file input07.txt (compact mmCIF, C-alpha atoms and all ligand atoms)
# COMPACT_ATOMS: atom_id res chain seq x y z
CA MET A 1 91.08 -59.39 -132.74
CA ALA A 2 93.24 -57.24 -134.99
CA ALA A 3 92.80 -53.49 -134.60
CA GLU A 4 91.18 -51.71 -137.48
CA ILE A 5 93.51 -49.81 -139.79
CA GLU A 6 92.73 -46.11 -139.50
CA LYS A 7 95.26 -44.56 -141.87
CA PHE A 8 97.09 -45.55 -145.04
CA ILE A 9 100.40 -43.75 -145.47
CA LEU A 10 102.93 -43.74 -148.30
CA HIS A 11 106.29 -42.33 -147.18
CA ASP A 12 108.33 -40.64 -149.92
CA CYS A 13 111.77 -40.04 -148.43
CA ASP A 14 115.46 -39.34 -149.07
CA THR A 15 116.68 -41.20 -145.96
CA GLY A 16 118.58 -39.35 -144.33
CA SER A 17 118.86 -39.54 -140.54
CA ASP A 18 115.68 -37.64 -139.76
CA ASP A 19 113.77 -39.49 -142.49
CA ALA A 20 114.90 -42.64 -140.70
CA ILE A 21 113.36 -41.42 -137.45
CA ALA A 22 110.16 -40.45 -139.29
CA LEU A 23 109.94 -43.90 -140.90
CA MET A 24 110.58 -45.58 -137.55
CA MET A 25 107.79 -43.49 -136.06
CA LEU A 26 105.47 -44.57 -138.88
CA LEU A 27 106.36 -48.26 -138.55
CA SER A 28 105.81 -48.14 -134.80
CA HIS A 29 102.13 -47.33 -135.51
CA TRP A 30 101.61 -50.58 -137.43
CA ARG A 31 98.59 -51.59 -135.40
CA LYS A 32 96.50 -48.69 -136.68
CA VAL A 33 98.43 -47.29 -139.63
CA LYS A 34 99.30 -49.26 -142.74
CA THR A 35 102.59 -48.28 -144.36
CA VAL A 36 101.41 -48.70 -147.93
CA ALA A 37 104.83 -48.12 -149.49
CA VAL A 38 108.18 -46.43 -149.09
CA THR A 39 109.21 -44.56 -152.22
CA CYS A 40 112.83 -43.47 -152.44
CA ILE A 41 114.08 -40.14 -153.74
CA ASP A 42 117.54 -38.68 -154.22
CA GLY A 43 118.41 -35.99 -151.67
CA ASN A 44 120.02 -36.27 -148.27
CA ALA A 45 122.07 -39.12 -149.69
CA HIS A 46 122.58 -40.70 -153.11
CA LEU A 47 119.52 -42.61 -154.26
CA ASP A 48 121.31 -45.97 -153.98
CA ASN A 49 122.07 -45.25 -150.32
CA VAL A 50 118.52 -44.05 -149.71
CA ILE A 51 117.18 -47.37 -150.99
CA MET A 52 119.56 -49.36 -148.81
CA ASN A 53 118.81 -47.24 -145.75
CA ASN A 54 115.07 -47.76 -146.09
CA LEU A 55 115.54 -51.50 -146.54
CA ARG A 56 117.78 -51.60 -143.47
CA ILE A 57 115.16 -49.86 -141.37
CA LEU A 58 112.38 -52.15 -142.59
CA LYS A 59 114.53 -55.14 -141.75
CA LEU A 60 115.13 -53.75 -138.28
CA TYR A 61 111.37 -53.58 -137.77
CA ASP A 62 110.73 -56.97 -139.41
CA GLN A 63 108.64 -55.29 -142.11
CA LEU A 64 110.61 -56.22 -145.24
CA ASP A 65 107.93 -58.61 -146.46
CA LYS A 66 105.06 -56.30 -145.58
CA VAL A 67 106.13 -52.89 -146.88
CA PRO A 68 107.19 -52.55 -150.55
CA VAL A 69 110.10 -50.22 -151.37
CA PHE A 70 110.32 -48.48 -154.75
CA LYS A 71 113.19 -46.70 -156.48
CA GLY A 72 112.34 -43.17 -157.54
CA CYS A 73 113.98 -40.38 -159.51
CA GLN A 74 117.72 -39.80 -159.50
CA GLY A 75 118.48 -36.10 -159.19
CA PRO A 76 116.21 -33.08 -159.59
CA LEU A 77 114.26 -32.02 -162.69
CA ILE A 78 116.83 -29.29 -163.35
CA ASN A 79 120.17 -29.09 -161.57
CA VAL A 80 121.85 -25.72 -161.69
CA GLY A 81 124.41 -26.85 -159.14
CA THR A 82 122.36 -26.45 -155.97
CA ALA A 83 121.26 -30.09 -155.71
CA THR A 84 123.98 -31.72 -153.68
CA HIS A 85 123.78 -34.49 -151.11
CA CYS A 86 124.56 -33.51 -147.53
CA GLY A 87 127.01 -36.06 -146.23
CA GLU A 88 128.35 -33.56 -143.72
CA VAL A 89 124.99 -33.70 -141.92
CA HIS A 90 123.78 -37.25 -142.38
CA GLY A 91 127.02 -39.09 -143.12
CA VAL A 92 128.10 -40.22 -146.57
CA ASP A 93 125.59 -43.08 -146.59
CA GLY A 94 122.77 -40.95 -145.15
CA LEU A 95 122.70 -42.75 -141.80
CA GLY A 96 125.91 -41.37 -140.36
CA SER A 97 127.76 -44.48 -141.55
CA VAL A 98 126.16 -46.28 -138.61
CA PRO A 99 127.14 -49.93 -139.03
CA ASP A 100 124.38 -52.35 -139.85
CA ILE A 101 123.41 -54.60 -136.97
CA GLU A 102 123.79 -57.54 -139.35
CA PRO A 103 126.07 -56.25 -142.12
CA ALA A 104 126.43 -59.57 -143.88
CA ALA A 105 122.76 -59.46 -144.78
CA SER A 106 122.89 -56.08 -146.50
CA PRO A 107 123.50 -57.18 -150.13
CA ASP A 108 120.52 -59.51 -149.89
CA LEU A 109 118.30 -56.61 -148.94
CA LEU A 110 118.18 -55.37 -152.53
CA LYS A 111 116.19 -58.46 -153.46
CA HIS A 112 113.30 -56.75 -151.68
CA LEU A 113 113.40 -53.69 -153.94
CA GLN A 114 110.38 -53.62 -156.26
CA GLU A 115 110.88 -53.42 -160.03
CA GLU A 116 108.11 -50.90 -160.57
CA HIS A 117 109.24 -47.26 -160.59
CA ALA A 118 108.21 -45.21 -157.55
CA VAL A 119 106.28 -42.68 -159.64
CA ASN A 120 104.18 -45.41 -161.26
CA ALA A 121 103.66 -47.02 -157.86
CA ILE A 122 102.41 -43.74 -156.37
CA ILE A 123 99.81 -43.43 -159.15
CA ARG A 124 98.77 -47.08 -158.92
CA LEU A 125 98.47 -47.05 -155.12
CA SER A 126 96.45 -43.82 -155.22
CA LYS A 127 93.89 -45.80 -157.24
CA GLU A 128 94.01 -48.88 -155.04
CA TYR A 129 93.54 -46.74 -151.93
CA SER A 130 91.40 -44.08 -153.59
CA GLY A 131 90.21 -41.48 -151.08
CA LYS A 132 92.23 -43.04 -148.25
CA LEU A 133 95.90 -42.58 -149.10
CA THR A 134 98.02 -39.97 -147.35
CA ILE A 135 101.45 -39.15 -148.74
CA VAL A 136 104.11 -37.92 -146.34
CA ALA A 137 106.97 -36.43 -148.36
CA THR A 138 110.14 -35.78 -146.40
CA GLY A 139 112.63 -35.31 -149.22
CA PRO A 140 112.92 -33.34 -152.47
CA LEU A 141 109.59 -33.48 -154.28
CA THR A 142 110.74 -34.92 -157.63
CA ASN A 143 108.73 -38.15 -157.42
CA ILE A 144 105.58 -36.35 -156.26
CA ALA A 145 105.92 -33.79 -159.07
CA MET A 146 106.48 -36.43 -161.74
CA ALA A 147 103.42 -38.32 -160.52
CA VAL A 148 101.08 -35.34 -160.94
CA LYS A 149 102.54 -34.59 -164.35
CA LEU A 150 101.77 -38.15 -165.45
CA ASP A 151 98.35 -38.13 -163.81
CA PRO A 152 96.80 -34.72 -163.03
CA TYR A 153 93.84 -36.43 -161.31
CA LEU A 154 96.09 -38.06 -158.74
CA PRO A 155 95.64 -35.36 -156.02
CA LYS A 156 91.84 -35.77 -156.07
CA ARG A 157 92.27 -39.43 -155.10
CA LEU A 158 94.49 -38.60 -152.13
CA LYS A 159 93.30 -37.96 -148.62
CA ALA A 160 96.15 -35.56 -147.90
CA LEU A 161 99.72 -34.59 -148.70
CA TYR A 162 102.13 -33.63 -145.92
CA ILE A 163 105.39 -32.01 -146.97
CA MET A 164 108.42 -31.30 -144.84
CA GLY A 165 110.15 -28.48 -146.64
CA GLY A 166 110.38 -24.81 -147.33
CA ASN A 167 110.83 -21.85 -145.07
CA ARG A 168 107.77 -19.86 -144.06
CA TYR A 169 109.76 -16.84 -142.85
CA GLY A 170 112.61 -16.97 -145.34
CA LYS A 171 115.24 -18.60 -143.12
CA GLY A 172 117.33 -20.93 -145.23
CA ASN A 173 119.55 -23.75 -144.04
CA VAL A 174 121.48 -24.36 -147.27
CA THR A 175 121.46 -20.84 -148.69
CA PRO A 176 120.34 -17.76 -146.73
CA ALA A 177 116.98 -17.98 -148.49
CA ALA A 178 116.28 -21.66 -149.10
CA GLU A 179 115.66 -24.87 -147.18
CA PHE A 180 117.30 -28.10 -148.40
CA ASN A 181 114.34 -30.07 -149.82
CA PHE A 182 112.93 -27.19 -151.86
CA LEU A 183 116.36 -25.97 -153.00
CA PHE A 184 117.33 -29.47 -154.16
CA ASP A 185 114.45 -29.42 -156.66
CA PRO A 186 112.66 -26.06 -156.79
CA GLU A 187 110.83 -26.90 -160.01
CA ALA A 188 109.40 -30.03 -158.42
CA ALA A 189 108.28 -28.09 -155.34
CA HIS A 190 106.61 -25.50 -157.59
CA ILE A 191 104.85 -28.22 -159.61
CA VAL A 192 103.66 -29.94 -156.43
CA LEU A 193 102.19 -26.87 -154.75
CA ASN A 194 100.42 -25.86 -157.96
CA GLY A 195 99.36 -29.39 -158.85
CA TYR A 196 98.16 -30.74 -155.49
CA ALA A 197 96.88 -27.90 -153.32
CA SER A 198 93.62 -27.53 -155.24
CA GLY A 199 93.07 -31.30 -155.35
CA CYS A 200 93.81 -32.48 -151.81
CA GLU A 201 94.57 -31.06 -148.39
CA THR A 202 98.20 -29.98 -148.68
CA HIS A 203 100.20 -29.36 -145.53
CA ILE A 204 103.65 -27.84 -145.16
CA ILE A 205 105.76 -28.48 -142.09
CA ASP A 206 108.25 -25.70 -142.64
CA TYR A 207 111.81 -25.52 -141.49
CA GLU A 208 111.26 -22.71 -139.01
CA LEU A 209 108.52 -24.66 -137.20
CA THR A 210 110.98 -27.46 -136.54
CA LEU A 211 113.49 -24.96 -135.19
CA THR A 212 110.90 -23.44 -132.87
CA TYR A 213 110.15 -26.87 -131.41
CA SER A 214 113.66 -28.31 -131.39
CA THR A 215 114.48 -30.45 -128.39
CA PRO A 216 116.88 -28.57 -126.03
CA TRP A 217 120.21 -30.38 -125.70
CA PRO A 218 119.92 -31.24 -121.98
CA GLN A 219 116.53 -32.87 -122.62
CA TYR A 220 117.85 -34.58 -125.73
CA ASP A 221 120.88 -35.96 -123.89
CA LYS A 222 118.68 -37.21 -121.04
CA TRP A 223 116.47 -38.92 -123.58
CA LEU A 224 119.43 -40.53 -125.33
CA SER A 225 120.80 -41.86 -122.06
CA ASP A 226 117.46 -43.34 -120.97
CA GLU A 227 118.06 -47.07 -120.68
CA SER A 228 114.59 -47.93 -119.40
CA ASN A 229 113.69 -49.95 -122.49
CA LYS A 230 116.72 -52.19 -122.39
CA LYS A 231 115.10 -55.00 -120.47
CA THR A 232 112.45 -55.51 -123.08
CA LYS A 233 112.70 -58.00 -125.91
CA PHE A 234 115.95 -58.28 -127.84
CA ALA A 235 114.40 -56.84 -131.00
CA LYS A 236 113.45 -53.73 -129.09
CA VAL A 237 116.97 -53.37 -127.76
CA ARG A 238 118.30 -53.65 -131.32
CA ALA A 239 115.96 -50.92 -132.47
CA LEU A 240 116.88 -48.78 -129.50
CA HIS A 241 120.57 -49.25 -130.21
CA LYS A 242 120.26 -48.30 -133.86
CA HIS A 243 117.97 -45.41 -133.14
CA LYS A 244 120.38 -43.97 -130.63
CA MET A 245 123.37 -44.31 -132.93
CA ILE A 246 121.60 -42.32 -135.62
CA LEU A 247 120.52 -39.67 -133.15
CA ASN A 248 124.04 -39.42 -131.74
CA THR A 249 125.42 -38.87 -135.23
CA LEU A 250 123.08 -35.95 -135.75
CA ARG A 251 123.96 -34.57 -132.35
CA ASP A 252 127.68 -34.62 -133.14
CA PHE A 253 127.09 -32.69 -136.34
CA CYS A 254 124.92 -30.05 -134.71
CA LEU A 255 127.32 -29.44 -131.86
CA LYS A 256 130.21 -28.71 -134.19
CA ASP A 257 128.87 -25.17 -134.44
CA LYS A 258 126.92 -23.91 -131.47
CA ASP A 259 126.58 -20.32 -132.63
CA VAL A 260 123.83 -20.58 -135.16
CA GLU A 261 120.17 -20.72 -134.31
CA PHE A 262 119.36 -24.23 -135.43
CA HIS A 263 121.96 -25.73 -133.14
CA ALA A 264 120.16 -24.64 -129.99
CA GLY A 265 118.56 -28.06 -129.86
CA MET A 266 117.79 -31.11 -131.97
CA ALA A 267 115.25 -30.50 -134.73
CA LEU A 268 114.48 -33.84 -136.37
CA CYS A 269 112.72 -32.03 -139.21
CA ASP A 270 111.06 -34.97 -140.95
CA ALA A 271 109.78 -36.46 -137.72
CA TYR A 272 107.53 -33.43 -137.10
CA ALA A 273 105.81 -33.94 -140.46
CA MET A 274 105.25 -37.62 -139.76
CA ALA A 275 103.98 -36.90 -136.24
CA ILE A 276 101.38 -34.42 -137.50
CA ALA A 277 100.31 -36.80 -140.28
CA LEU A 278 99.95 -39.67 -137.79
CA ASN A 279 98.18 -37.77 -135.03
CA LYS A 280 96.25 -34.56 -135.69
CA ASP A 281 96.41 -33.72 -132.00
CA VAL A 282 100.12 -32.95 -132.42
CA ALA A 283 98.98 -29.81 -134.24
CA VAL A 284 97.63 -27.21 -131.86
CA LYS A 285 97.24 -24.21 -134.16
CA SER A 286 97.36 -23.95 -137.94
CA THR A 287 96.98 -21.25 -140.57
CA ARG A 288 95.97 -21.53 -144.21
CA LEU A 289 98.09 -19.35 -146.48
CA GLY A 290 98.93 -18.94 -150.14
CA ALA A 291 102.41 -20.17 -151.01
CA ASP A 292 104.62 -20.90 -153.98
CA VAL A 293 108.27 -21.62 -154.65
CA GLU A 294 110.79 -19.32 -156.32
CA VAL A 295 112.40 -21.11 -159.25
CA ALA A 296 114.48 -18.18 -160.48
CA GLY A 297 116.32 -15.65 -158.39
CA PHE A 298 119.98 -14.98 -157.78
CA HIS A 299 119.83 -15.35 -154.00
CA SER A 300 116.34 -16.78 -153.60
CA ARG A 301 116.07 -19.85 -155.87
CA GLY A 302 114.25 -22.56 -153.97
CA SER A 303 112.83 -20.26 -151.32
CA LEU A 304 109.20 -20.54 -150.29
CA VAL A 305 107.20 -17.39 -151.00
CA VAL A 306 104.29 -17.03 -148.57
CA ASN A 307 101.44 -14.60 -148.89
CA HIS A 308 101.03 -13.56 -145.25
CA PHE A 309 98.60 -10.66 -145.63
CA SER A 310 97.01 -9.86 -148.98
CA LYS A 311 94.03 -11.72 -150.40
CA ASN A 312 94.63 -10.28 -153.87
CA PHE A 313 97.29 -12.75 -154.98
CA LYS A 314 96.31 -16.12 -156.38
CA MET A 315 98.64 -18.74 -154.93
CA PRO A 316 98.24 -22.41 -153.98
CA SER A 317 96.43 -22.72 -150.66
CA VAL A 318 98.47 -24.61 -148.09
CA MET A 319 98.07 -25.43 -144.39
CA PHE A 320 100.92 -24.24 -142.17
CA TYR A 321 101.40 -24.94 -138.48
CA ASP A 322 101.90 -22.28 -135.83
CA GLU A 323 101.95 -24.39 -132.67
CA ILE A 324 102.42 -28.06 -131.90
CA ASN A 325 101.93 -30.13 -128.76
CA ILE A 326 105.58 -30.78 -127.99
CA GLU A 327 104.85 -33.32 -125.24
CA LEU A 328 102.76 -35.42 -127.61
CA TYR A 329 105.44 -35.13 -130.29
CA HIS A 330 108.06 -36.39 -127.84
CA GLN A 331 105.74 -39.22 -126.86
CA LEU A 332 105.47 -40.32 -130.51
CA LEU A 333 109.25 -40.17 -130.79
CA ALA A 334 109.64 -42.33 -127.71
CA GLU A 335 107.12 -44.85 -129.02
CA ALA A 336 109.21 -45.27 -132.15
CA PHE A 337 111.73 -47.07 -129.94
CA LEU A 338 109.26 -49.79 -129.07
CA CA B 1 114.51 -35.90 -145.60
call {"tool": "encode", "arguments": {"input": "input07.txt", "output": "structure tokens"}}
result
Amino acid sequence: MAAEIEKFILHDCDTGSDDAIALMMLLSHWRKVKTVAVTCIDGNAHLDNVIMNNLRILKLYDQLDKVPVFKGCQGPLINVGTATHCGEVHGVDGLGSVPDIEPAASPDLLKHLQEEHAVNAIIRLSKEYSGKLTIVATGPLTNIAMAVKLDPYLPKRLKALYIMGGNRYGKGNVTPAAEFNFLFDPEAAHIVLNGYASGCETHIIDYELTLTYSTPWPQYDKWLSDESNKKTKFAKVRALHKHKMILNTLRDFCLKDKDVEFHAGMALCDAYAMAIALNKDVAVKSTRLGADVEVAGFHSRGSLVVNHFSKNFKMPSVMFYDEINIELYHQLLAEAFL
């Protein structure tokens, strides 16, 4: 008898190596979690690459006919020059230019792209899965912002919104003050926090949390070299192979510069957000705080402004995470291989 579906998740992503791992983690939960849709957004890579990357991953997991993929917005709402792709991190194509397992099939993959725009699909699916749909957003928030502008009642139909982005303590990874996703489209991030937080549970998995729980390099290398799954079915070996190539690409980038804090270990930022959305037990301690995004500022555009102490400021109320169960997180990562 088929297991009962417990969660319905829409993944909005700018895939992106760590988005890829997050999507793999989601797909590996197919018995209990329905991947309602994958909506693509410009960000880590050009939108056209993001679409292809998501289709490649779905093909790898034999989910092309089960999970619809939608094309979203190209570029941020306003680009003042800070919205640039990050090929130096994720490779020009977003997946470290990892060759496709079956490259000849790639052009045919686009046949699986839906005609409906991602923003319209988000609104439609929020009605079809009213009260049940969770959105996990692991890229710039342009699609999610456009959706609430078109339909302000959308958040009230959602079960929850999980966002990987922003910096709770002001540590930026693109500028000194701003994290990539929020800097890429600060206006969208501002619209989302103000448009969703009062309508549905809104969670932020901030950049610093992922740094705190990065996987130390010796542990990461041991994990990468683990061949224990290789004797399983061929499809699993394919997934393992692809997974490892992506992870190795990220490792190579991080180890180019060992001196900065975030290179102390591997922080697959988007995977933490997906893990918490999939399994609440990953979160050990959380804190509700007011937060908003700076859209102006000479040094601080795109930074997350968090109200740590005072109750006198009215800001969107967001759930942050202080501690996670790192063993359970690693277990979910490992299961994404299977
Ligand atoms: Ca991402």
call {"tool": "residues_around", "arguments": {"input": "input07.txt", "residues": "Ala271 of chain A", "least_positions_apart": "2", "cutoff": "8 Å", "atoms": "only C-alpha atoms", "output": "list in words"}}
result
Asp18, Asp19, Ile21, Ala22, Met25, Leu268, Cys269, Ala273, Met274, Ala275 and Leu333 of chain A
call {"tool": "residues_near_ligand", "arguments": {"input": "input07.txt", "ligand": "ligand CA 1 (chain B)", "cutoff": "6 Å", "atoms": "only C-alpha atoms and all ligand atoms", "output": "tab-separated table (two decimals) with C-alpha atoms, in the coordinates of the input"}}
result
chain	number	residue	atom	x	y	z
A	13	CYS	CA	111.77	-40.04	-148.43
A	14	ASP	CA	115.46	-39.34	-149.07
A	15	THR	CA	116.68	-41.20	-145.96
A	16	GLY	CA	118.58	-39.35	-144.33
A	19	ASP	CA	113.77	-39.49	-142.49
A	138	THR	CA	110.14	-35.78	-146.40
A	139	GLY	CA	112.63	-35.31	-149.22
A	270	ASP	CA	111.06	-34.97	-140.95
call {"tool": "residues_around", "arguments": {"input": "input07.txt", "residues": "Lys66 of chain A", "least_positions_apart": "6", "cutoff": "12 Å", "atoms": "all atoms listed in the file", "output": "ChimeraX atom specification"}}
result
/A:27,30,34-38,55,58-59,112
call {"tool": "closest_atom_pairs", "arguments": {"input": "input07.txt", "of": "segment 6-35 of chain A", "to": "segment 276-292 of chain A", "cutoff": "9 Å", "atoms": "only C-alpha atoms", "output": "JSON lines"}}
result
{"residue": "A:Lys7", "atom": "CA", "partner": "A:Leu278", "partner_atom": "CA", "distance": 7.9}
{"residue": "A:Ile9", "atom": "CA", "partner": "A:Ala277", "partner_atom": "CA", "distance": 8.7}
{"residue": "A:Met25", "atom": "CA", "partner": "A:Leu278", "partner_atom": "CA", "distance": 8.9}
{"residue": "A:Leu26", "atom": "CA", "partner": "A:Leu278", "partner_atom": "CA", "distance": 7.5}
{"residue": "A:His29", "atom": "CA", "partner": "A:Leu278", "partner_atom": "CA", "distance": 8.3}
{"residue": "A:Val33", "atom": "CA", "partner": "A:Leu278", "partner_atom": "CA", "distance": 8.0}
call {"tool": "closest_residue", "arguments": {"input": "input07.txt", "among": "A:His117, A:His299, A:Lys111, A:His308", "to": "Ala147 of chain A", "atoms": "all atoms listed in the file"}}
result
A:His117
call {"tool": "closest_residue", "arguments": {"input": "input07.txt", "among": "A:Phe309, A:Tyr321, A:Trp217, A:Gln63", "to": "Met164 of chain A", "atoms": "all atoms listed in the file"}}
result
A:Tyr321
call {"tool": "closest_residue", "arguments": {"input": "input07.txt", "among": "A:Asn53, A:His85, A:Tyr196, A:Ile5", "to": "Lys132 of chain A", "atoms": "all atoms listed in the file"}}
result
A:Ile5
call {"tool": "closest_residue", "arguments": {"input": "input07.txt", "among": "A:Asp221, A:Gly166, A:Pro316, A:Gln114", "to": "Gly199 of chain A", "atoms": "all atoms listed in the file"}}
result
A:Pro316
